[in-house]
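Source file: entry_26.cif; contents: mmCIF, N, CA and C atoms.
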data_input
#
loop_
_atom_site.label_atom_id
_atom_site.label_comp_id
_atom_site.auth_asym_id
_atom_site.auth_seq_id
_atom_site.Cartn_x
_atom_site.Cartn_y
_atom_site.Cartn_z
N MET U 1 -5.67 -19.72 22.54
CA MET U 1 -5.61 -18.37 23.09
C MET U 1 -5.89 -17.37 21.98
N GLU U 2 -6.68 -16.39 22.27
CA GLU U 2 -7.07 -15.39 21.28
C GLU U 2 -6.27 -14.11 21.49
N LEU U 3 -5.61 -13.68 20.44
CA LEU U 3 -4.87 -12.42 20.48
C LEU U 3 -5.79 -11.33 19.95
N VAL U 4 -6.00 -10.30 20.73
CA VAL U 4 -6.85 -9.19 20.31
C VAL U 4 -6.02 -7.92 20.33
N VAL U 5 -5.98 -7.25 19.19
CA VAL U 5 -5.33 -5.95 19.09
C VAL U 5 -6.44 -4.96 18.78
N ASN U 6 -6.85 -4.19 19.77
CA ASN U 6 -7.99 -3.30 19.61
C ASN U 6 -7.52 -1.85 19.72
N ASN U 7 -7.68 -1.12 18.64
CA ASN U 7 -7.21 0.26 18.59
C ASN U 7 -8.36 1.26 18.65
N ASP U 8 -9.53 0.85 19.13
CA ASP U 8 -10.70 1.74 19.12
C ASP U 8 -10.51 3.00 19.94
N GLU U 9 -9.88 2.90 21.11
CA GLU U 9 -9.65 4.10 21.92
C GLU U 9 -8.71 5.05 21.20
N GLN U 10 -7.68 4.51 20.55
CA GLN U 10 -6.76 5.36 19.78
C GLN U 10 -7.50 6.00 18.61
N MET U 11 -8.41 5.24 17.99
CA MET U 11 -9.16 5.79 16.87
C MET U 11 -10.05 6.94 17.34
N LYS U 12 -10.72 6.76 18.49
CA LYS U 12 -11.59 7.81 19.02
C LYS U 12 -10.78 9.06 19.37
N ALA U 13 -9.55 8.87 19.81
CA ALA U 13 -8.68 9.99 20.16
C ALA U 13 -8.03 10.61 18.93
N GLY U 14 -8.25 10.01 17.75
CA GLY U 14 -7.70 10.54 16.51
C GLY U 14 -6.30 10.09 16.20
N MET U 15 -5.76 9.17 16.99
CA MET U 15 -4.38 8.74 16.78
C MET U 15 -4.25 7.75 15.62
N MET U 16 -5.28 6.95 15.37
CA MET U 16 -5.20 5.95 14.32
C MET U 16 -6.10 6.30 13.13
N ALA U 17 -7.01 7.22 13.30
CA ALA U 17 -7.97 7.53 12.25
C ALA U 17 -7.40 8.57 11.30
N ALA U 18 -7.45 8.27 10.04
CA ALA U 18 -7.03 9.23 9.02
C ALA U 18 -8.24 10.07 8.65
N PRO U 19 -8.04 11.29 8.17
CA PRO U 19 -9.17 12.16 7.86
C PRO U 19 -9.97 11.71 6.65
N GLY U 20 -9.39 10.84 5.81
CA GLY U 20 -10.08 10.41 4.61
C GLY U 20 -11.19 9.43 4.90
N LYS U 21 -11.95 9.12 3.87
CA LYS U 21 -12.99 8.11 3.95
C LYS U 21 -13.25 7.61 2.54
N SER U 22 -14.02 6.56 2.45
CA SER U 22 -14.31 5.98 1.15
C SER U 22 -15.13 6.95 0.29
N GLY U 23 -14.82 6.99 -0.99
CA GLY U 23 -15.57 7.81 -1.91
C GLY U 23 -16.69 7.04 -2.59
N ARG U 24 -16.82 5.76 -2.29
CA ARG U 24 -17.87 4.94 -2.91
C ARG U 24 -19.24 5.33 -2.38
N ARG U 25 -20.20 5.27 -3.27
CA ARG U 25 -21.59 5.55 -2.89
C ARG U 25 -22.13 4.46 -1.98
N ASN U 26 -21.62 3.23 -2.13
CA ASN U 26 -22.09 2.10 -1.34
C ASN U 26 -21.13 1.74 -0.20
N ALA U 27 -20.36 2.71 0.27
CA ALA U 27 -19.45 2.47 1.40
C ALA U 27 -20.26 2.30 2.68
N ALA U 28 -19.79 1.42 3.55
CA ALA U 28 -20.45 1.19 4.84
C ALA U 28 -19.63 1.80 5.96
N ALA U 29 -20.30 2.19 7.02
CA ALA U 29 -19.63 2.75 8.21
C ALA U 29 -19.28 1.62 9.17
N PHE U 30 -18.26 1.86 10.00
CA PHE U 30 -17.90 0.90 11.04
C PHE U 30 -17.71 1.64 12.35
N ASP U 31 -17.94 0.94 13.46
CA ASP U 31 -17.66 1.54 14.76
C ASP U 31 -16.66 0.73 15.57
N SER U 32 -16.28 -0.43 15.07
CA SER U 32 -15.27 -1.24 15.73
C SER U 32 -14.48 -2.02 14.68
N ALA U 33 -13.17 -2.04 14.82
CA ALA U 33 -12.31 -2.83 13.94
C ALA U 33 -11.12 -3.30 14.77
N GLU U 34 -10.81 -4.58 14.67
CA GLU U 34 -9.70 -5.14 15.43
C GLU U 34 -9.08 -6.31 14.68
N LEU U 35 -7.88 -6.68 15.11
CA LEU U 35 -7.20 -7.84 14.57
C LEU U 35 -7.25 -8.94 15.62
N ARG U 36 -7.51 -10.17 15.17
CA ARG U 36 -7.52 -11.32 16.06
C ARG U 36 -6.74 -12.45 15.40
N ALA U 37 -6.12 -13.26 16.24
CA ALA U 37 -5.46 -14.47 15.74
C ALA U 37 -6.54 -15.46 15.32
N GLY U 38 -6.23 -16.26 14.31
CA GLY U 38 -7.16 -17.30 13.87
C GLY U 38 -7.40 -18.32 14.97
N PRO U 39 -8.47 -19.12 14.83
CA PRO U 39 -8.82 -20.07 15.88
C PRO U 39 -7.79 -21.19 16.08
N THR U 40 -6.97 -21.46 15.08
CA THR U 40 -5.89 -22.44 15.26
C THR U 40 -4.55 -21.76 15.06
N LEU U 41 -3.50 -22.39 15.50
CA LEU U 41 -2.18 -21.79 15.58
C LEU U 41 -1.66 -21.19 14.27
N ASP U 42 -1.82 -21.87 13.17
CA ASP U 42 -1.21 -21.42 11.91
C ASP U 42 -2.15 -20.65 10.99
N GLN U 43 -3.23 -20.11 11.50
CA GLN U 43 -4.18 -19.40 10.64
C GLN U 43 -3.90 -17.92 10.49
N GLY U 44 -2.95 -17.35 11.20
CA GLY U 44 -2.61 -15.94 11.04
C GLY U 44 -3.65 -15.01 11.62
N LEU U 45 -3.59 -13.74 11.20
CA LEU U 45 -4.49 -12.71 11.71
C LEU U 45 -5.73 -12.56 10.84
N TYR U 46 -6.81 -12.15 11.50
CA TYR U 46 -8.07 -11.83 10.84
C TYR U 46 -8.44 -10.40 11.18
N LEU U 47 -9.02 -9.68 10.23
CA LEU U 47 -9.60 -8.37 10.46
C LEU U 47 -11.07 -8.61 10.81
N ILE U 48 -11.51 -8.09 11.95
CA ILE U 48 -12.90 -8.21 12.41
C ILE U 48 -13.48 -6.80 12.47
N VAL U 49 -14.57 -6.56 11.74
CA VAL U 49 -15.18 -5.24 11.65
C VAL U 49 -16.67 -5.36 11.99
N SER U 50 -17.19 -4.39 12.75
CA SER U 50 -18.62 -4.37 13.04
C SER U 50 -19.13 -2.94 13.02
N GLY U 51 -20.43 -2.82 12.87
CA GLY U 51 -21.05 -1.50 12.84
C GLY U 51 -22.53 -1.58 12.53
N PRO U 52 -23.15 -0.43 12.33
CA PRO U 52 -24.58 -0.39 12.02
C PRO U 52 -24.83 -0.78 10.57
N SER U 53 -25.85 -1.56 10.35
CA SER U 53 -26.21 -1.93 8.98
C SER U 53 -26.75 -0.69 8.26
N PRO U 54 -26.31 -0.42 7.02
CA PRO U 54 -26.77 0.77 6.32
C PRO U 54 -28.27 0.74 6.00
N LYS U 55 -28.83 -0.47 5.86
CA LYS U 55 -30.27 -0.62 5.64
C LYS U 55 -30.63 -2.09 5.84
N PRO U 56 -31.88 -2.39 6.14
CA PRO U 56 -32.27 -3.79 6.31
C PRO U 56 -31.96 -4.60 5.05
N GLY U 57 -31.38 -5.77 5.24
CA GLY U 57 -31.06 -6.64 4.12
C GLY U 57 -29.75 -6.33 3.42
N ALA U 58 -28.99 -5.37 3.93
CA ALA U 58 -27.71 -5.02 3.30
C ALA U 58 -26.71 -6.15 3.49
N HIS U 59 -25.96 -6.44 2.44
CA HIS U 59 -24.89 -7.44 2.46
C HIS U 59 -23.57 -6.69 2.55
N ILE U 60 -22.86 -6.83 3.67
CA ILE U 60 -21.60 -6.11 3.91
C ILE U 60 -20.44 -6.94 3.38
N ARG U 61 -19.48 -6.28 2.73
CA ARG U 61 -18.31 -6.97 2.19
C ARG U 61 -17.04 -6.20 2.52
N LEU U 62 -15.95 -6.93 2.73
CA LEU U 62 -14.61 -6.37 2.89
C LEU U 62 -13.86 -6.66 1.60
N LEU U 63 -13.46 -5.61 0.88
CA LEU U 63 -12.83 -5.76 -0.43
C LEU U 63 -11.43 -5.16 -0.44
N PRO U 64 -10.39 -5.97 -0.65
CA PRO U 64 -9.04 -5.40 -0.80
C PRO U 64 -8.99 -4.55 -2.07
N ILE U 65 -8.36 -3.38 -1.97
CA ILE U 65 -8.19 -2.51 -3.13
C ILE U 65 -6.85 -2.86 -3.76
N LEU U 66 -6.91 -3.52 -4.89
CA LEU U 66 -5.70 -4.00 -5.55
C LEU U 66 -5.22 -2.98 -6.57
N GLY U 67 -3.96 -3.03 -6.89
CA GLY U 67 -3.41 -2.12 -7.88
C GLY U 67 -1.95 -1.86 -7.62
N ASP U 68 -1.66 -1.13 -6.54
CA ASP U 68 -0.29 -0.85 -6.18
C ASP U 68 0.36 -2.15 -5.70
N THR U 69 1.50 -2.52 -6.26
CA THR U 69 2.12 -3.81 -5.95
C THR U 69 2.68 -3.89 -4.54
N GLN U 70 3.19 -2.82 -3.99
CA GLN U 70 3.75 -2.81 -2.63
C GLN U 70 3.37 -1.52 -1.89
N PRO U 71 2.08 -1.35 -1.55
CA PRO U 71 1.71 -0.14 -0.80
C PRO U 71 2.23 -0.22 0.63
N GLU U 72 2.36 0.94 1.28
CA GLU U 72 2.74 0.93 2.70
C GLU U 72 1.64 0.27 3.52
N TYR U 73 0.40 0.65 3.25
CA TYR U 73 -0.75 0.05 3.92
C TYR U 73 -1.71 -0.46 2.85
N GLN U 74 -1.96 -1.77 2.85
CA GLN U 74 -2.92 -2.34 1.92
C GLN U 74 -4.31 -1.91 2.34
N GLN U 75 -5.03 -1.23 1.46
CA GLN U 75 -6.37 -0.76 1.79
C GLN U 75 -7.39 -1.87 1.60
N ILE U 76 -8.30 -1.94 2.56
CA ILE U 76 -9.43 -2.87 2.51
C ILE U 76 -10.68 -2.03 2.69
N GLU U 77 -11.53 -2.04 1.68
CA GLU U 77 -12.71 -1.17 1.70
C GLU U 77 -13.94 -1.92 2.20
N LEU U 78 -14.76 -1.22 2.97
CA LEU U 78 -15.98 -1.76 3.54
C LEU U 78 -17.14 -1.26 2.69
N THR U 79 -17.83 -2.18 2.00
CA THR U 79 -18.92 -1.80 1.11
C THR U 79 -20.17 -2.63 1.43
N TRP U 80 -21.27 -2.26 0.82
CA TRP U 80 -22.50 -3.03 0.98
C TRP U 80 -23.27 -3.02 -0.33
N ASP U 81 -24.13 -4.02 -0.48
CA ASP U 81 -25.08 -4.06 -1.59
C ASP U 81 -26.35 -4.74 -1.09
N THR U 82 -27.39 -4.66 -1.89
CA THR U 82 -28.67 -5.23 -1.51
C THR U 82 -28.76 -6.64 -2.07
N ARG U 83 -29.17 -7.56 -1.24
CA ARG U 83 -29.33 -8.95 -1.66
C ARG U 83 -30.55 -9.07 -2.58
N ALA U 84 -30.51 -10.06 -3.45
CA ALA U 84 -31.65 -10.35 -4.31
C ALA U 84 -32.83 -10.83 -3.45
N ALA U 85 -34.05 -10.60 -3.93
CA ALA U 85 -35.25 -10.94 -3.16
C ALA U 85 -35.31 -12.43 -2.84
N ASN U 86 -34.76 -13.29 -3.70
CA ASN U 86 -34.83 -14.73 -3.47
C ASN U 86 -33.64 -15.26 -2.68
N ASP U 87 -32.75 -14.40 -2.24
CA ASP U 87 -31.58 -14.80 -1.45
C ASP U 87 -31.95 -14.69 0.02
N HIS U 88 -32.17 -15.82 0.66
CA HIS U 88 -32.62 -15.84 2.05
C HIS U 88 -31.43 -15.86 2.99
N ASP U 89 -30.88 -14.72 3.23
CA ASP U 89 -29.73 -14.56 4.14
C ASP U 89 -30.27 -14.36 5.55
N VAL U 90 -29.57 -14.94 6.54
CA VAL U 90 -30.00 -14.81 7.93
C VAL U 90 -29.84 -13.38 8.44
N SER U 91 -29.13 -12.52 7.72
CA SER U 91 -28.93 -11.15 8.19
C SER U 91 -30.06 -10.21 7.80
N MET U 92 -31.07 -10.70 7.11
CA MET U 92 -32.18 -9.83 6.70
C MET U 92 -32.81 -9.18 7.92
N GLY U 93 -32.91 -7.87 7.89
CA GLY U 93 -33.54 -7.12 8.98
C GLY U 93 -32.63 -6.86 10.16
N VAL U 94 -31.41 -7.33 10.14
CA VAL U 94 -30.49 -7.13 11.24
C VAL U 94 -30.00 -5.68 11.23
N GLU U 95 -29.93 -5.06 12.41
CA GLU U 95 -29.54 -3.66 12.49
C GLU U 95 -28.03 -3.46 12.59
N ARG U 96 -27.27 -4.55 12.91
CA ARG U 96 -25.82 -4.47 13.02
C ARG U 96 -25.19 -5.62 12.22
N TYR U 97 -23.95 -5.45 11.88
CA TYR U 97 -23.23 -6.50 11.17
C TYR U 97 -21.89 -6.74 11.86
N GLU U 98 -21.31 -7.91 11.60
CA GLU U 98 -19.93 -8.21 11.97
C GLU U 98 -19.37 -9.06 10.83
N LYS U 99 -18.25 -8.61 10.28
CA LYS U 99 -17.60 -9.30 9.16
C LYS U 99 -16.15 -9.56 9.52
N SER U 100 -15.59 -10.62 8.96
CA SER U 100 -14.18 -10.92 9.17
C SER U 100 -13.53 -11.30 7.86
N MET U 101 -12.20 -11.14 7.81
CA MET U 101 -11.42 -11.47 6.62
C MET U 101 -10.03 -11.92 7.04
N PRO U 102 -9.54 -13.06 6.51
CA PRO U 102 -8.16 -13.44 6.81
C PRO U 102 -7.20 -12.49 6.11
N LEU U 103 -6.11 -12.14 6.77
CA LEU U 103 -5.17 -11.17 6.21
C LEU U 103 -3.95 -11.82 5.55
N SER U 104 -3.91 -13.13 5.48
CA SER U 104 -2.79 -13.83 4.87
C SER U 104 -2.54 -13.32 3.45
N GLY U 105 -1.37 -12.74 3.22
CA GLY U 105 -1.00 -12.24 1.90
C GLY U 105 -1.58 -10.89 1.54
N LEU U 106 -2.27 -10.22 2.44
CA LEU U 106 -2.92 -8.95 2.12
C LEU U 106 -2.25 -7.73 2.72
N SER U 107 -1.20 -7.89 3.47
CA SER U 107 -0.57 -6.76 4.14
C SER U 107 0.32 -5.96 3.19
N GLY U 108 0.34 -4.65 3.42
CA GLY U 108 1.29 -3.79 2.72
C GLY U 108 2.63 -3.85 3.44
N LYS U 109 3.55 -2.95 3.09
CA LYS U 109 4.87 -2.93 3.73
C LYS U 109 4.78 -2.70 5.23
N LYS U 110 3.83 -1.86 5.66
CA LYS U 110 3.67 -1.55 7.08
C LYS U 110 2.45 -2.21 7.71
N GLY U 111 1.41 -2.45 6.93
CA GLY U 111 0.20 -3.04 7.50
C GLY U 111 -0.99 -2.91 6.58
N ILE U 112 -2.18 -2.72 7.20
CA ILE U 112 -3.42 -2.58 6.44
C ILE U 112 -4.14 -1.31 6.87
N GLU U 113 -5.05 -0.86 6.01
CA GLU U 113 -5.87 0.31 6.31
C GLU U 113 -7.31 -0.01 5.93
N LEU U 114 -8.21 0.01 6.92
CA LEU U 114 -9.63 -0.18 6.67
C LEU U 114 -10.21 1.15 6.21
N VAL U 115 -10.97 1.13 5.12
CA VAL U 115 -11.55 2.34 4.55
C VAL U 115 -13.07 2.18 4.56
N GLY U 116 -13.76 3.06 5.31
CA GLY U 116 -15.21 2.99 5.40
C GLY U 116 -15.85 4.33 5.08
N ALA U 117 -17.16 4.38 5.18
CA ALA U 117 -17.91 5.61 4.89
C ALA U 117 -17.61 6.70 5.91
N ASN U 118 -17.19 6.31 7.11
CA ASN U 118 -16.98 7.29 8.18
C ASN U 118 -15.50 7.52 8.50
N GLY U 119 -14.61 7.06 7.67
CA GLY U 119 -13.19 7.30 7.89
C GLY U 119 -12.34 6.06 7.65
N THR U 120 -11.10 6.13 8.07
CA THR U 120 -10.17 5.03 7.88
C THR U 120 -9.52 4.67 9.21
N LYS U 121 -8.96 3.48 9.28
CA LYS U 121 -8.26 3.03 10.46
C LYS U 121 -7.07 2.18 10.01
N LYS U 122 -5.88 2.55 10.45
CA LYS U 122 -4.66 1.82 10.07
C LYS U 122 -4.24 0.87 11.18
N PHE U 123 -3.75 -0.29 10.74
CA PHE U 123 -3.17 -1.28 11.64
C PHE U 123 -1.73 -1.51 11.20
N ASN U 124 -0.78 -1.19 12.08
CA ASN U 124 0.63 -1.40 11.80
C ASN U 124 0.95 -2.86 12.13
N LEU U 125 1.44 -3.62 11.15
CA LEU U 125 1.72 -5.03 11.34
C LEU U 125 3.22 -5.33 11.35
N THR U 126 4.03 -4.28 11.36
CA THR U 126 5.48 -4.49 11.32
C THR U 126 6.09 -4.58 12.71
N GLY U 127 5.35 -4.26 13.74
CA GLY U 127 5.87 -4.31 15.11
C GLY U 127 6.62 -3.07 15.53
N HIS U 128 6.65 -2.02 14.69
CA HIS U 128 7.34 -0.77 15.03
C HIS U 128 6.40 0.19 15.67
#

What would you get if you wrote out this structure as structure tokens?
Amino acid sequence: MELVVNNDEQMKAGMMAAPGKSGRRNAAAFDSAELRAGPTLDQGLYLIVSGPSPKPGAHIRLLPILGDTQPEYQQIELTWDTRAANDHDVSMGVERYEKSMPLSGLSGKKGIELVGANGTKKFNLTGH
């Protein structure tokens, strides 16, 4: 059974979206972000993010921002870079991307915060 926690409607209404956004030059935008249970029982939650590719051949990455030992929300930044010419990735020329990341050990005290070029989205993982 797949558990889907989708906060996109709340994000569009401004309830989950923070006014900030990534300051990185290579930050990527997202239009959907959700949490899903892993394919097997003990795999925990995964962050699933999708959106428009910033340019053909862009390699999208989800990077935890490390530093603060116990943040309220562990930030995960959405970035991109250009693949080397000899790297034959199947995503070359694709106009959209979908990336996932296991969240085991990555949560802050309250949850996680996705940080992209177009804003942020918080996921509360404490059940409050």

Given the PyMOL selection byres ((chain U and resi 68-81) around 6.5), the residues it picks as a list in words:
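Evaluating the PyMOL selection byres ((chain U and resi 68-81) around 6.5) on these coordinates yields Asn26, Ala27, Ala28, Ala29, Gly57, Ala58, His59, Ile60, Arg61, Leu62, Leu63, Pro64, Ile65, Leu66, Gly67, Thr82, Arg83, Leu106, Ser107, Gly108, Lys109, Lys110, Gly111, Ile112, Glu113, Leu114, Val115, Gly116 and Ala117 of chain U.
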
Excluding Ser53 in chain U and residues on its chain fewer than 4 positions from it, collect all residues at most 7 Å away from it, counting only C-alpha atoms, and give them as a VMD selection string.
chain U and resid 58 95 to 97

Selection result of the PyMOL selection byres ((chain U and resi 48) around 6) on this file, as a VMD selection string
chain U and resid 32 to 36 46 to 47 49 to 50 99 to 101

Grab the atom C of Gly51 in chain U to atom C of Asn118 in chain U distance for me, in Å with one decimal place.
12.2 Å

Please measure the separation of atom C of Gly38 in chain U and CA of Lys121 in chain U, giving the value in Å to one decimal.
21.8 Å

Quick one, how far is CA of Leu125 in chain U from CA of Leu45 in chain U?
9.9 Å

Please identify which residues in range 41-121 of chain U DSSP calls strand (DSSP E or B) from the backbone, and express them as a VMD selection string.
chain U and resid 45 to 52 58 to 64 73 to 82 96 to 102 111 to 116 119 to 121

Missing atoms in range 22-33 of chain U: fill them in up to all heavy atoms and send the result as a PDB file, keeping the file's coordinate frame.
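Output file part14.pdb is given in full below:
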ATOM      1  N   SER U  22     -14.020   6.560   2.450  1.00  0.00           N
ATOM      2  CA  SER U  22     -14.310   5.980   1.150  1.00  0.00           C
ATOM      3  C   SER U  22     -15.130   6.950   0.290  1.00  0.00           C
ATOM      4  O   SER U  22     -16.027   7.616   0.788  1.00  0.00           O
ATOM      5  CB  SER U  22     -15.093   4.675   1.318  1.00  0.00           C
ATOM      6  OG  SER U  22     -15.443   4.152   0.056  1.00  0.00           O
ATOM      7  N   GLY U  23     -14.820   6.990  -0.990  1.00  0.00           N
ATOM      8  CA  GLY U  23     -15.570   7.810  -1.910  1.00  0.00           C
ATOM      9  C   GLY U  23     -16.690   7.040  -2.590  1.00  0.00           C
ATOM     10  O   GLY U  23     -17.456   7.594  -3.372  1.00  0.00           O
ATOM     11  N   ARG U  24     -16.820   5.760  -2.290  1.00  0.00           N
ATOM     12  CA  ARG U  24     -17.870   4.940  -2.910  1.00  0.00           C
ATOM     13  C   ARG U  24     -19.240   5.330  -2.380  1.00  0.00           C
ATOM     14  O   ARG U  24     -19.426   5.620  -1.214  1.00  0.00           O
ATOM     15  CB  ARG U  24     -17.655   3.463  -2.589  1.00  0.00           C
ATOM     16  CG  ARG U  24     -16.536   2.834  -3.335  1.00  0.00           C
ATOM     17  CD  ARG U  24     -16.553   1.351  -2.997  1.00  0.00           C
ATOM     18  NE  ARG U  24     -15.434   0.672  -3.581  1.00  0.00           N
ATOM     19  CZ  ARG U  24     -15.549  -0.351  -4.411  1.00  0.00           C
ATOM     20  NH1 ARG U  24     -16.726  -0.805  -4.726  1.00  0.00           N
ATOM     21  NH2 ARG U  24     -14.487  -0.923  -4.905  1.00  0.00           N
ATOM     22  N   ARG U  25     -20.200   5.270  -3.270  1.00  0.00           N
ATOM     23  CA  ARG U  25     -21.590   5.550  -2.890  1.00  0.00           C
ATOM     24  C   ARG U  25     -22.130   4.460  -1.980  1.00  0.00           C
ATOM     25  O   ARG U  25     -22.957   4.704  -1.121  1.00  0.00           O
ATOM     26  CB  ARG U  25     -22.442   5.635  -4.158  1.00  0.00           C
ATOM     27  CG  ARG U  25     -23.741   6.344  -3.997  1.00  0.00           C
ATOM     28  CD  ARG U  25     -24.379   6.595  -5.329  1.00  0.00           C
ATOM     29  NE  ARG U  25     -24.620   5.368  -6.053  1.00  0.00           N
ATOM     30  CZ  ARG U  25     -25.810   4.786  -6.165  1.00  0.00           C
ATOM     31  NH1 ARG U  25     -26.863   5.348  -5.624  1.00  0.00           N
ATOM     32  NH2 ARG U  25     -25.957   3.672  -6.832  1.00  0.00           N
ATOM     33  N   ASN U  26     -21.620   3.230  -2.130  1.00  0.00           N
ATOM     34  CA  ASN U  26     -22.090   2.100  -1.340  1.00  0.00           C
ATOM     35  C   ASN U  26     -21.130   1.740  -0.200  1.00  0.00           C
ATOM     36  O   ASN U  26     -21.095   0.611   0.265  1.00  0.00           O
ATOM     37  CB  ASN U  26     -22.351   0.880  -2.220  1.00  0.00           C
ATOM     38  CG  ASN U  26     -21.075   0.324  -2.826  1.00  0.00           C
ATOM     39  OD1 ASN U  26     -20.091   1.035  -3.024  1.00  0.00           O
ATOM     40  ND2 ASN U  26     -21.090  -0.958  -3.130  1.00  0.00           N
ATOM     41  N   ALA U  27     -20.360   2.710   0.270  1.00  0.00           N
ATOM     42  CA  ALA U  27     -19.450   2.470   1.400  1.00  0.00           C
ATOM     43  C   ALA U  27     -20.260   2.300   2.680  1.00  0.00           C
ATOM     44  O   ALA U  27     -21.288   2.946   2.865  1.00  0.00           O
ATOM     45  CB  ALA U  27     -18.474   3.638   1.543  1.00  0.00           C
ATOM     46  N   ALA U  28     -19.790   1.420   3.550  1.00  0.00           N
ATOM     47  CA  ALA U  28     -20.450   1.190   4.840  1.00  0.00           C
ATOM     48  C   ALA U  28     -19.630   1.800   5.960  1.00  0.00           C
ATOM     49  O   ALA U  28     -18.412   1.909   5.861  1.00  0.00           O
ATOM     50  CB  ALA U  28     -20.632  -0.308   5.071  1.00  0.00           C
ATOM     51  N   ALA U  29     -20.300   2.190   7.020  1.00  0.00           N
ATOM     52  CA  ALA U  29     -19.630   2.750   8.210  1.00  0.00           C
ATOM     53  C   ALA U  29     -19.280   1.620   9.170  1.00  0.00           C
ATOM     54  O   ALA U  29     -19.909   0.570   9.161  1.00  0.00           O
ATOM     55  CB  ALA U  29     -20.536   3.762   8.886  1.00  0.00           C
ATOM     56  N   PHE U  30     -18.260   1.860  10.000  1.00  0.00           N
ATOM     57  CA  PHE U  30     -17.900   0.900  11.040  1.00  0.00           C
ATOM     58  C   PHE U  30     -17.710   1.640  12.350  1.00  0.00           C
ATOM     59  O   PHE U  30     -17.386   2.813  12.366  1.00  0.00           O
ATOM     60  CB  PHE U  30     -16.627   0.122  10.655  1.00  0.00           C
ATOM     61  CG  PHE U  30     -15.391   0.977  10.525  1.00  0.00           C
ATOM     62  CD1 PHE U  30     -14.502   1.103  11.583  1.00  0.00           C
ATOM     63  CD2 PHE U  30     -15.109   1.652   9.344  1.00  0.00           C
ATOM     64  CE1 PHE U  30     -13.360   1.887  11.457  1.00  0.00           C
ATOM     65  CE2 PHE U  30     -13.971   2.433   9.211  1.00  0.00           C
ATOM     66  CZ  PHE U  30     -13.094   2.546  10.275  1.00  0.00           C
ATOM     67  N   ASP U  31     -17.940   0.940  13.460  1.00  0.00           N
ATOM     68  CA  ASP U  31     -17.660   1.540  14.760  1.00  0.00           C
ATOM     69  C   ASP U  31     -16.660   0.730  15.570  1.00  0.00           C
ATOM     70  O   ASP U  31     -16.220   1.173  16.621  1.00  0.00           O
ATOM     71  CB  ASP U  31     -18.942   1.822  15.555  1.00  0.00           C
ATOM     72  CG  ASP U  31     -19.814   0.606  15.758  1.00  0.00           C
ATOM     73  OD1 ASP U  31     -19.321  -0.542  15.658  1.00  0.00           O
ATOM     74  OD2 ASP U  31     -21.015   0.785  16.029  1.00  0.00           O
ATOM     75  N   SER U  32     -16.280  -0.430  15.070  1.00  0.00           N
ATOM     76  CA  SER U  32     -15.270  -1.240  15.730  1.00  0.00           C
ATOM     77  C   SER U  32     -14.480  -2.020  14.680  1.00  0.00           C
ATOM     78  O   SER U  32     -15.077  -2.567  13.749  1.00  0.00           O
ATOM     79  CB  SER U  32     -15.922  -2.211  16.720  1.00  0.00           C
ATOM     80  OG  SER U  32     -14.939  -3.037  17.306  1.00  0.00           O
ATOM     81  N   ALA U  33     -13.170  -2.040  14.820  1.00  0.00           N
ATOM     82  CA  ALA U  33     -12.310  -2.830  13.940  1.00  0.00           C
ATOM     83  C   ALA U  33     -11.120  -3.300  14.770  1.00  0.00           C
ATOM     84  O   ALA U  33     -10.520  -2.508  15.495  1.00  0.00           O
ATOM     85  CB  ALA U  33     -11.842  -1.988  12.746  1.00  0.00           C
TER      86      ALA U  33
END
